[in-house]
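So the structure is just underneath, and the comments pick up after that.
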Amino acid sequence: QVTGYLDDCTCDVETIDAFNNYKLFPRLNELLESDYFRYYKVNLQKPCPFWEDNSHCGMRDCAVQPCPSDEVPDGIRAGSYKYSEEANNLAEECEEAKRLGAVDDSLSKETRQAVLQWAQHDDSSDSFCQADDIHSPDAEYVDLLLNPERYTGYKGPDAWKIWNSIYEENCFKPQNVKRPLASGRGESFIYLTKWVSRVCVEKRAFYRLISGLHASINIHLSARYLLQDTWSEKKWGPNVTEFQQRFDEVLTSGEGPRRLKNLYFLYLIELRALSKVLPFFERPSFQLYTGNKSQDAEMKHLLLEILHLAKSFPLHFDENSFFAGNKKEAAKLKEEFRLHFKNISKIMDCVGCFKCRLWGKLQTQGLGTALKILFSEKLIQKIPESGPSYGFQLTRQEIVALFNAFGR
């Protein structure tokens, strides 16, 4: 069902597939396995700013560095979670989710010291994201290759609540349009689809970006699902049934293929940002600094190859249709866009499963960085070939998030 042209674009699905699968992705994958791109600093301890986080799988106590449960007396362990009667019945399921959702934060001493040095090569500027305070004592480096995005057992009302908040509060949505994730999902999506087709291109794009991000995450959970869990081995692989429940045209009342098309739309937006940010990375003074000179030079060469490839894509999304009307209205809408997106990045601190929180934060920061690039085109054009870039900056965090989010 996912074929042909995408709404609001001159591009089609087949062109993107061929370009990505045969040209871009193999190179990007190699880049993401390098030291510079595999370590991401994140604060997983921030409290949820929007509601009392009493998710029974809150996992705040033990997930990042899972403590051996036999060392903690049962009474203390039970008392540290706000169990409701219903949650008690789910205790076993919760233990499973906690184990799968725990973040492996093991880094060697050498790596820890190295990444601290890299941070000194960091600069910052205005952003679309509520970035973590990476200097907070709670922020720590995580190896993304040790913590792949996959099914963790985090599901049910708590996971729905996160997505409901993202759609409900942040998509410029009129009150009379039903929320997209309420029960009876098919019918409410029909309302939403009608609404999306009526609003201006910017608001429609915002909704489609969020929907594309949601689709991306769901695809990864379906593709790396826990198929077998015995004491001798864990087996992860594609769960076709799970995928169909989320994307099959019949099971989703026609909405599934549209969600997948929104994923392509998200891809085009992030690809466009990569093509625009080339001048920032092309400067001789910019380096992907890890202290290993030959590897740093090799990775920068690969990075520029990827960016030139992105630039060569024939059917880019034309972001000039964004905020092109009345200047005052456009400025107001742009600021709304930025604040809505900032809000979404804050909601990620409410995700109960830490591994999901890690990837949620990384992907929203990556998309936020892409938007920042698209809205800074004039500043990027003014970047001097040598010396510091005062008008436009990207921190190491933003760079790592941008490319890893695009990799997803």
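We label chains A, B, ... in the order they appear in the structure tokens, count residues from 1 in each chain, and number ligands from 1 in the order shown.
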
Subject >> Contacts of Ile399 in chain A within 9 Å, only C-alpha atoms, excl. fewer than 5 positions in-chain, as a ChimeraX atom specification >> reply: /A:37,366,369,394,404

What are the closest atom pairs, with distances in Å to one decimal, for each residue of range 271-302 of chain A lying within 8 Å of range 310-323 of chain A, using only C-alpha atoms, rows by chain and rising residue number, as a tab-separated table?
```
residue	atom	partner	partner_atom	distance
A:Leu271	CA	A:Ala310	CA	6.1
A:Arg272	CA	A:His316	CA	6.3
A:Leu274	CA	A:Ala310	CA	6.4
A:Ser275	CA	A:Lys311	CA	4.4
A:Lys276	CA	A:Lys311	CA	7.5
```

Original post:
Can you tell me, as JSON, numbers by chain, what residues are no more than 8 Å from Ala297 in chain A when counting only C-alpha atoms, ignoring any on the same chain fewer than 4 positions away?
Top reply: {"A": [287, 288, 293, 301]}

**OP:** Give the helix (DSSP H, G or I) residues of range 268-387 of chain A, as DSSP finds them on the backbone, and put them as a PyMOL selection string.
**Re:** chain A and resi 268-276+278-282+293-312+319-321+327-350+354-374+377-381

Original post:
Which residues come within 12 Å of Ser376 in chain A, counting only C-alpha atoms, excluding same-chain residues fewer than 3 positions away, as an MDAnalysis selection string?
Top reply: chainID A and resid 125:128 273 276:277 280 319 369:373 379:383 391:394

Subject >> Nearest-residue call for Pro148 in chain A, choices A:Val103, A:Val351, A:Ala97, A:Val13, using only C-alpha atoms >> reply: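 Answer, going by the shortest atom-to-atom distance: A:Val103.
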
Original post:
Quick one: of A:Thr10, A:Ser345, A:Ser294, A:Asn218, who's nearest to Lys155 in chain A, counting only C-alpha atoms?
Top reply: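 The closest residue to Lys155 in chain A is A:Asn218.
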
Original post:
Between A:Gly153, A:Pro49, A:Pro137, A:Pro284, which has the minimum distance to Glu95 in chain A (counting only C-alpha atoms)?
Top reply: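 Nearest candidate to Glu95 in chain A out of A:Gly153, A:Pro49, A:Pro137, A:Pro284: A:Gly153.
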
Subject >> Pick from A:Thr3, A:Gln113, A:Ser136, A:Gln397 nearest to Thr15 in chain A, counting only C-alpha atoms >> reply: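 Selected residue with least distance to Thr15 in chain A: A:Thr3.
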
Subject >> Counting only C-alpha atoms, the residue of A:Lys355, A:Lys98, A:Arg27, A:Arg224 that sits nearest Leu144 in chain A >> reply: A:Lys355
